[in-house]
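To keep things clear, I will list the structure first and then write my remarks on it.
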Amino acid sequence: MKISTKGRYALRLMLDIAQHNTGEPVSIRDVSRRQDISVKYLEQIVSALVRAGYLRSIRGPQGGYLLAKKPSEYTTGDILRVTEGNLHPVECLVDDINQCPRAESCVTLRLWKELDEAIAGVVDRYTLEDLLAWSEAEADYFVI
């Protein structure tokens, strides 16, 4: 499994908005400058996150984006799934009931299930609040 730039940038975007949460909307241009990601690409990502209800859009000259929920209410898995779709390592695990005709005799299915559980276990364990804490700890570490 490989997370695309869209997924990685979605996490960076959400973290940036959380870090700059003053109650005022965060401009996509400011995020673009801080994160070194093109405005056009961020607009695509923002659109998906607004549709998912993860960001609120504020229009106008002082407009921008706000988190729709508290940072503790977003798992990194939630955010990644908006841009990446499902995070399953193989197609046969996408549905609740495995549709593969070889499922009963598939020797590798056990491996794929364990990998799937490991991926979900990591991305669903950490929240945007955790990323904020890591970011603050890193900033404290580099203060001289």
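Letters A, B, ... go to the chains of the structure tokens in the order shown; residues in each chain start at 1; ligands are counted from 1 in the same order.
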
Mind listing the strand (DSSP E or B) residues of range 9-87 of chain A, per DSSP on the backbone, as a list in words?
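Secondary structure check on range 9-87 of chain A, strand (DSSP E or B): Val26, Leu55, Arg56, Ser57, Ile58, Gly64, Tyr65, Leu66, Leu67 and Thr75 of chain A.
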
Mind dumping the selected residues with N, CA and C atoms as an mmCIF file, in the first residue's frame?
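Heads up, here's the output in out_0.cif:
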data_model
loop_
_atom_site.group_PDB
_atom_site.id
_atom_site.type_symbol
_atom_site.label_atom_id
_atom_site.label_comp_id
_atom_site.auth_asym_id
_atom_site.auth_seq_id
_atom_site.Cartn_x
_atom_site.Cartn_y
_atom_site.Cartn_z
ATOM 1 N N VAL A 26 -8.542 30.065 8.065
ATOM 2 C CA VAL A 26 -7.170 29.941 7.574
ATOM 3 C C VAL A 26 -7.210 29.968 6.051
ATOM 4 N N LEU A 55 -13.997 20.067 7.071
ATOM 5 C CA LEU A 55 -13.659 21.482 7.080
ATOM 6 C C LEU A 55 -14.904 22.300 6.795
ATOM 7 N N ARG A 56 -14.930 23.513 7.343
ATOM 8 C CA ARG A 56 -15.981 24.474 7.028
ATOM 9 C C ARG A 56 -15.359 25.573 6.179
ATOM 10 N N SER A 57 -16.051 25.955 5.128
ATOM 11 C CA SER A 57 -15.583 27.001 4.226
ATOM 12 C C SER A 57 -16.240 28.320 4.603
ATOM 13 N N ILE A 58 -15.426 29.362 4.735
ATOM 14 C CA ILE A 58 -15.924 30.704 5.005
ATOM 15 C C ILE A 58 -15.588 31.553 3.786
ATOM 16 N N GLY A 64 -11.715 31.595 4.364
ATOM 17 C CA GLY A 64 -10.744 30.518 4.444
ATOM 18 C C GLY A 64 -11.430 29.276 4.974
ATOM 19 N N TYR A 65 -10.694 28.503 5.772
ATOM 20 C CA TYR A 65 -11.211 27.222 6.243
ATOM 21 C C TYR A 65 -10.983 27.056 7.728
ATOM 22 N N LEU A 66 -11.952 26.396 8.357
ATOM 23 C CA LEU A 66 -11.888 26.052 9.771
ATOM 24 C C LEU A 66 -12.162 24.570 9.922
ATOM 25 N N LEU A 67 -11.597 23.971 10.950
ATOM 26 C CA LEU A 67 -11.939 22.583 11.252
ATOM 27 C C LEU A 67 -13.412 22.531 11.657
ATOM 28 N N THR A 75 -9.413 10.942 13.195
ATOM 29 C CA THR A 75 -8.258 10.047 13.155
ATOM 30 C C THR A 75 -7.519 10.295 11.844
#

Env of Val31 in chain A: 7 Å cut, atoms = only C-alpha atoms, seq-sep filter 3 positions within chain, self excluded. Answer as a PyMOL selection string.
chain A and resi 13+16+27-28+34-35

Just the selected residues (C-alpha atoms), exported as a CSV table (one decimal), in the first residue's frame, please.
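Output file again_3.csv follows:
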chain,number,residue,atom,x,y,z
A,13,LEU,CA,-3.4,20.7,5.3
A,16,ASP,CA,-1.7,23.3,9.4
A,27,SER,CA,-6.4,31.0,4.0
A,28,ILE,CA,-5.5,28.4,1.5
A,34,ARG,CA,3.8,27.3,4.7
A,35,GLN,CA,3.5,23.8,3.3

Report as a ChimeraX atom specification: the residues of range 55-85 of chain A with a DSSP assignment of helix (DSSP H, G or I), based on the backbone of this structure.
/A:71-73,76-84

Residues from last step as file, N, CA and C atoms, as a PDB file, in the first residue's frame:
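The resulting out09.pdb:
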ATOM      1  N   PRO A  71      -9.733  18.671  16.961  1.00  0.00           N
ATOM      2  CA  PRO A  71      -8.661  17.813  16.440  1.00  0.00           C
ATOM      3  C   PRO A  71      -8.705  16.378  16.984  1.00  0.00           C
ATOM      4  N   SER A  72      -9.185  16.221  18.192  1.00  0.00           N
ATOM      5  CA  SER A  72      -9.261  14.882  18.793  1.00  0.00           C
ATOM      6  C   SER A  72     -10.323  14.003  18.132  1.00  0.00           C
ATOM      7  N   GLU A  73     -11.198  14.599  17.332  1.00  0.00           N
ATOM      8  CA  GLU A  73     -12.292  13.863  16.708  1.00  0.00           C
ATOM      9  C   GLU A  73     -11.980  13.371  15.299  1.00  0.00           C
ATOM     10  N   THR A  76      -6.253   9.944  11.839  1.00  0.00           N
ATOM     11  CA  THR A  76      -5.509  10.093  10.585  1.00  0.00           C
ATOM     12  C   THR A  76      -6.119   9.184   9.525  1.00  0.00           C
ATOM     13  N   GLY A  77      -6.655   8.048   9.944  1.00  0.00           N
ATOM     14  CA  GLY A  77      -7.327   7.142   9.010  1.00  0.00           C
ATOM     15  C   GLY A  77      -8.544   7.780   8.375  1.00  0.00           C
ATOM     16  N   ASP A  78      -9.331   8.514   9.171  1.00  0.00           N
ATOM     17  CA  ASP A  78     -10.503   9.226   8.630  1.00  0.00           C
ATOM     18  C   ASP A  78     -10.078  10.167   7.510  1.00  0.00           C
ATOM     19  N   ILE A  79      -9.038  10.940   7.772  1.00  0.00           N
ATOM     20  CA  ILE A  79      -8.572  11.938   6.799  1.00  0.00           C
ATOM     21  C   ILE A  79      -8.031  11.252   5.549  1.00  0.00           C
ATOM     22  N   LEU A  80      -7.227  10.222   5.740  1.00  0.00           N
ATOM     23  CA  LEU A  80      -6.660   9.509   4.591  1.00  0.00           C
ATOM     24  C   LEU A  80      -7.738   8.860   3.733  1.00  0.00           C
ATOM     25  N   ARG A  81      -8.769   8.324   4.351  1.00  0.00           N
ATOM     26  CA  ARG A  81      -9.829   7.659   3.588  1.00  0.00           C
ATOM     27  C   ARG A  81     -10.605   8.629   2.702  1.00  0.00           C
ATOM     28  N   VAL A  82     -10.649   9.911   3.082  1.00  0.00           N
ATOM     29  CA  VAL A  82     -11.332  10.905   2.242  1.00  0.00           C
ATOM     30  C   VAL A  82     -10.619  11.020   0.900  1.00  0.00           C
ATOM     31  N   THR A  83      -9.292  11.028   0.923  1.00  0.00           N
ATOM     32  CA  THR A  83      -8.543  11.226  -0.318  1.00  0.00           C
ATOM     33  C   THR A  83      -8.088   9.930  -0.969  1.00  0.00           C
ATOM     34  N   GLU A  84      -7.880   8.891  -0.173  1.00  0.00           N
ATOM     35  CA  GLU A  84      -7.343   7.633  -0.697  1.00  0.00           C
ATOM     36  C   GLU A  84      -8.420   6.590  -0.969  1.00  0.00           C
TER      37      GLU A  84
END

What is the distance, in Å and to one decimal place, between CA of Asp36 in chain A and CA of Ile3 in chain A?
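Going from CA of Asp36 in chain A over to CA of Ile3 in chain A, I get 18.6 Å.
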
For Lys70 in chain A, find every residue with an atom within 10 Å (counting only C-alpha atoms), except residues of its own chain fewer than 3 positions away, and show them as JSON, numbers by chain.
{"A": [18, 54, 67, 73, 74, 128, 129]}

One number please: CA of Ala10 in chain A to CA of Ile45 in chain A, in Å, one decimal.
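That distance, rounded to one decimal, is 6.2 Å.
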
Of the candidates A:Val122, A:Leu11, A:Val107, A:Met1, which shows the shortest atom-to-atom distance to Val90 in chain A, using only C-alpha atoms?
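Closest to Val90 in chain A of all the choices is A:Met1.
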
Find the residue from A:Ala118, A:Ala103, A:Ala68, A:Leu131 that sits nearest to Pro89 in chain A; use only C-alpha atoms when measuring.
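Smallest separation from Pro89 in chain A among the options: A:Ala118.
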
So the first atom is CA of Arg33 in chain A and the second is CA of Pro61 in chain A; what is the distance between them in Å, to one decimal place?
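For CA of Arg33 in chain A relative to CA of Pro61 in chain A, the distance reads 17.8 Å.
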